[in-house]
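Reviewing the structure listed below.
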Amino acid sequence: MLDIKFIRENPDKVKKAAQDKRVDIDIDQLLDLDQKRRSLMAELESLQATKNKVSKEIPQLSAEDKKARLLEMKEVDQKSDELKVQLKSIDADFGKLMAIVPNIPSPETPVGPDSSGNIPWSYWSPKTGHVDPKDKDKVAQVPNKFDFEIKDHIALGKALDLIDTEAGTKTSGFRGYYLKNEAVLMQYGLIWHALKKMQEKGFALFTTPVLVRDFALFGSGHFPFGKDEIYQIGNPGKLSEDNAKENQYLAGTSEPSLLAYYSDRMLKEEDLPVKMCGVSSCFRSEIGSYGKDTKGVYRIHEFVKVEQVVLCKADIIESEKWLEGMREIAEEMLQDLKLPYRVLNICTGDMGAGKYKMYDIETWMPSRNDFGETHSDSNLTDWQARRLNIRYKDHEGKNKFVYTLNNTVVASPRILIAILENYQQKDGSIIVPEILRPYVGKDVIKK
RNA sequence: GGAGAGAUCGCAUAGUGGUCUAGUGCGCUUGCUUGGAAAGCAAGUAGGUUCGAAAGGGCCUCGGGGGUUCGAAUCCCCCUCUCUCCGCCA
C-alpha cells in the first residue's frame, strides 16, 4: 500500500511503476474515486455534525419545537442514508484499487518485462571466490565441472535411497515426495545450522503459524495478487468469499506470520531494528506452473524454510543496509556449504508489486546445467507496514510506518538438489558437506 | 462438543439511553516547591481521517461489523477473541 497523498502528488511516478511492474491498474480512476470519496465524506460529515448538534439541543426544547426538530432530523437522516450507500460502494472500489497500487522500484532496479531482464550482480564459488559478472572468463569457471557422466538428484536420490517421488506421488498426489535416511538428517542439519547462525546474529527465533488468516496474507502482499498460489482451507461450513475473515490459508512462507506478529503495534524507535527468523513448513499450490519442473523436488507443494525478516526505521539508507546484510547472511549459508551461486538484481517485471528492490540468489544445479533459485531477498519499504499497520514513534514523537525486508536463509529440499548434485562422485556416492557431517554422522553417503 | 462470564483512553477500574467533551487510580511528561531528592500541589497525557497557509474546526473509534433511536460505552443481532467449568484428545 502506498500513501494516498503520495499518489495524489506523484501520479506519474505511480503510473510508471505500474507500467514497469506490469500491474494492471488505472491510477486516474483511483484518483477520481479518491476525489469523489472525499467530497462525499465532507458532505456526510457536515450532516452528521448537524445531527450531533441538534441531538444535544433536543432535551431542552418545548414539546412543539421538539416535534419540528425531529421531523427535520428525519430528512437529514434520509439524506445521510443515501450518501452512506454511495460512499460504501465508492469505498469498496477505492480499497480494491489501493490494494494493488505497486511500490515504486528503486533507481538501481533494472526495468524489464520478466526474468529475462534480471541482471547478474555477482558470482561466487569455492574455487574462484567472488567474481564480477563483467569478468566473463572467471564467470565461466564458477560452475562445478565433472569429468564423468553426472546424475541428477532424482537418480542419486533413488540410488542412495534418499528421495522417493514415486511413493510421494502415490500418497500425496502430483509433486509429492518422501525424503529418507541421510536426506532427512541433512534437511534437519541445514535447519539447525541456519537457526544457530541466525540466533548468533541477534535474530529472535520463531516457529510460526502456517495456518493463517486472510489479513496476514493481505498484509504481506500475497493477497490479492497471488491468491491462486495459496491453498485455502477451513471449516467447510464456514468457507465463503463473503466471509474471508473466517477462512484460513496455508501460508507459502513464514513471512506473513512473522510480519503479522507486529501488526497493529506501535513500536518505539529504540525497539528497531526488529530482527526475526522463522522456521516453518511452506505450502504452494503451483497453479500456473503446470508442466514446469515436473520432475524431482525442485518445484513441490510443501517444503521447509528458514526465513529472515527485519523491521527497520523508515529510512531508505538504513533499509538498503539491511537488504545487503540479509543477502550476505544467505551467501554465508551457501559459502558454508561450498556451493557455487550467483546473485541477480531482479528487474521490475519479475518482482512483486510491493517490492522496492530485490535480489534472487541462484545456486548451481549441475543437472539443470544452470543456476536455480534458492533465496529471495527483498526490501518492501513501508508498503507492507501500511497494510499491517506496523508503526513506531520516532525520536521527534512522530508516528511512522516501519520498513520491512525479508530473505530466505535456507529452503529444503530444494537446496538438497544442489548439495546432492554438486557433491556427487564418479562412483555414485555423495560427499557430505563438512558443516553437515555432525548432523549426518558420516562423511560419505554410499550404497 | 456442552455450560457460563467477559472485552472501556499505556495498565487497572467506573460507567445500565441525553449531565460521557468517557470519570478515577497507577504510570509517564512538564512545571511549582527543595540545597538535592521524596512527598505534595498544578497542568498535560490515544489514534485515524478530512477541511485549512496557519491558528484551529468537523467527523470516526469504548474488541469488530450491522441494527433500533433525534441521541448508544449503555438496548438488539452477527462475528472474533479471552477466561472458568465439564467432555474428548496429542
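In the C-alpha cells, chains take letters A, B, ... by order of appearance, with residues numbered from 1 within each chain and ligands from 1 in the order shown.
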
For range 392-407 of chain A, please output as a PyMOL selection string all residues within 8 Å (counting only C-alpha atoms (C1' of nucleotides); exclusion window: fewer than 2 positions along the same chain). chain A and resi 255+265-269+307-315+319+322-323+326-327+330+375-386+389-390+409

Emit the selected residues as a PDB file, in the first residue's frame, including C-alpha atoms.
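Written output follows (result26.pdb):
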```pdb
ATOM      1  CA  GLU A 255       6.967 -14.138   6.278  1.00  0.00           C
ATOM      2  CA  ARG A 265       1.608  -2.335  17.016  1.00  0.00           C
ATOM      3  CA  MET A 266       3.189   0.969  17.908  1.00  0.00           C
ATOM      4  CA  LEU A 267       6.890   0.384  18.462  1.00  0.00           C
ATOM      5  CA  LYS A 268       9.450   2.753  19.877  1.00  0.00           C
ATOM      6  CA  GLU A 269      12.352   3.861  17.723  1.00  0.00           C
ATOM      7  CA  GLU A 307      13.229 -17.202   6.745  1.00  0.00           C
ATOM      8  CA  GLN A 308      14.700 -13.895   7.929  1.00  0.00           C
ATOM      9  CA  VAL A 309      12.599 -10.760   8.384  1.00  0.00           C
ATOM     10  CA  VAL A 310      13.722  -7.309   9.501  1.00  0.00           C
ATOM     11  CA  LEU A 311      11.633  -4.326  10.538  1.00  0.00           C
ATOM     12  CA  CYS A 312      13.724  -1.176  10.498  1.00  0.00           C
ATOM     13  CA  LYS A 313      13.069   2.527  10.762  1.00  0.00           C
ATOM     14  CA  ALA A 314      11.676   4.470   7.842  1.00  0.00           C
ATOM     15  CA  ASP A 315      14.984   5.330   6.279  1.00  0.00           C
ATOM     16  CA  SER A 319      16.813  -0.371   4.817  1.00  0.00           C
ATOM     17  CA  TRP A 322      19.632  -4.468   5.795  1.00  0.00           C
ATOM     18  CA  LEU A 323      18.882  -5.731   2.300  1.00  0.00           C
ATOM     19  CA  MET A 326      20.468 -10.214   4.697  1.00  0.00           C
ATOM     20  CA  ARG A 327      21.923 -11.029   1.304  1.00  0.00           C
ATOM     21  CA  ALA A 330      22.189 -16.020   2.688  1.00  0.00           C
ATOM     22  CA  HIS A 375      16.948 -17.490  -1.998  1.00  0.00           C
ATOM     23  CA  SER A 376      14.973 -14.315  -2.481  1.00  0.00           C
ATOM     24  CA  ASP A 377      15.907 -11.072  -0.742  1.00  0.00           C
ATOM     25  CA  SER A 378      13.510  -8.110  -0.780  1.00  0.00           C
ATOM     26  CA  ASN A 379      13.130  -4.593   0.538  1.00  0.00           C
ATOM     27  CA  LEU A 380       9.482  -3.514   0.627  1.00  0.00           C
ATOM     28  CA  THR A 381       9.978  -0.149   2.380  1.00  0.00           C
ATOM     29  CA  ASP A 382       6.679   0.745   4.091  1.00  0.00           C
ATOM     30  CA  TRP A 383       4.408  -0.998   1.579  1.00  0.00           C
ATOM     31  CA  GLN A 384       3.677  -3.982   3.859  1.00  0.00           C
ATOM     32  CA  ALA A 385       3.783  -1.960   7.076  1.00  0.00           C
ATOM     33  CA  ARG A 386       0.940   0.227   5.815  1.00  0.00           C
ATOM     34  CA  ASN A 389      -0.337  -1.055  10.484  1.00  0.00           C
ATOM     35  CA  ILE A 390       3.118  -1.580  11.976  1.00  0.00           C
ATOM     36  CA  VAL A 409      18.086 -18.386   4.999  1.00  0.00           C
TER      37      VAL A 409
END
```

What are the residues of chain A that have an atom within 6 Å of an atom of chain B, counting only C-alpha atoms (C1' of nucleotides), as a list in words? Glu45, Ser55 and Leu70 of chain A

Include N, CA and C atoms and write out the residues we just selected as a short mmCIF file (atom, residue, chain, number, x, y, z; two decimals), in the first residue's frame.
```cif
data_model
loop_
_atom_site.label_atom_id
_atom_site.label_comp_id
_atom_site.auth_asym_id
_atom_site.auth_seq_id
_atom_site.Cartn_x
_atom_site.Cartn_y
_atom_site.Cartn_z
N GLU A 45 -20.20 14.22 6.64
CA GLU A 45 -19.75 14.65 7.96
C GLU A 45 -20.43 15.94 8.40
N SER A 55 -29.11 16.90 18.37
CA SER A 55 -29.39 15.88 19.38
C SER A 55 -29.13 16.40 20.78
N LEU A 70 -37.48 17.04 15.25
CA LEU A 70 -37.42 15.61 14.94
C LEU A 70 -37.75 15.37 13.47
#
```

Find the residues near range 8-15 of chain B: any atom within 7 Å, counting only C-alpha atoms (C1' of nucleotides), skip ones fewer than 4 places away on the same chain, and give them as a tab-separated table (two decimals) with C-alpha atoms (C1' of nucleotides), in the first residue's frame.
```tsv
chain	number	residue	atom	x	y	z
B	23	G	C1'	-14.68	9.63	35.40
B	46	A	C1'	-4.59	7.93	22.09
B	62	C	C1'	-15.28	2.05	24.36
B	73	A	C1'	-19.91	2.51	26.03
```

Residues within 9 Å of Gly117 in chain A, please, as number ranges by chain. Count only C-alpha atoms (C1' of nucleotides); anything in the same chain fewer than 3 positions from it doesn't count. A: 110-114, 346-350

How would the residues just picked look written out with C-alpha atoms as a short mmCIF file (atom, residue, chain, number, x, y, z; two decimals), in the first residue's frame?
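Written file, result_13.cif:
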```cif
data_model
loop_
_atom_site.label_atom_id
_atom_site.label_comp_id
_atom_site.auth_asym_id
_atom_site.auth_seq_id
_atom_site.Cartn_x
_atom_site.Cartn_y
_atom_site.Cartn_z
CA PRO A 110 16.56 -2.70 -13.89
CA VAL A 111 13.43 -2.15 -15.94
CA GLY A 112 12.46 -5.33 -17.72
CA PRO A 113 9.45 -7.40 -18.74
CA ASP A 114 10.17 -10.68 -16.93
CA ILE A 346 15.71 -8.61 -10.15
CA CYS A 347 14.03 -6.39 -12.71
CA THR A 348 10.71 -4.58 -12.39
CA GLY A 349 8.69 -7.12 -14.38
CA ASP A 350 9.87 -10.06 -12.27
#
```

From a backbone DSSP assignment, name each residue in range 187-361 of chain A labelled helix (DSSP H, G or I), as number ranges by chain. A: 187-200, 214-220, 227-229, 244-246, 255-260, 269-271, 316-336, 348-350

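Across B:U68, B:U82, B:U29, B:U21, the tightest approach to G44 in chain B is made by B:U29 when counting only C-alpha atoms (C1' of nucleotides).
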
Could you name the residues that touch Thr363 in chain A at 8 Å or less, counting only C-alpha atoms (C1' of nucleotides), but leaving out those on the same chain fewer than 3 positions away, as a VMD selection string? chain A and resid 339 to 342 371 to 374 418
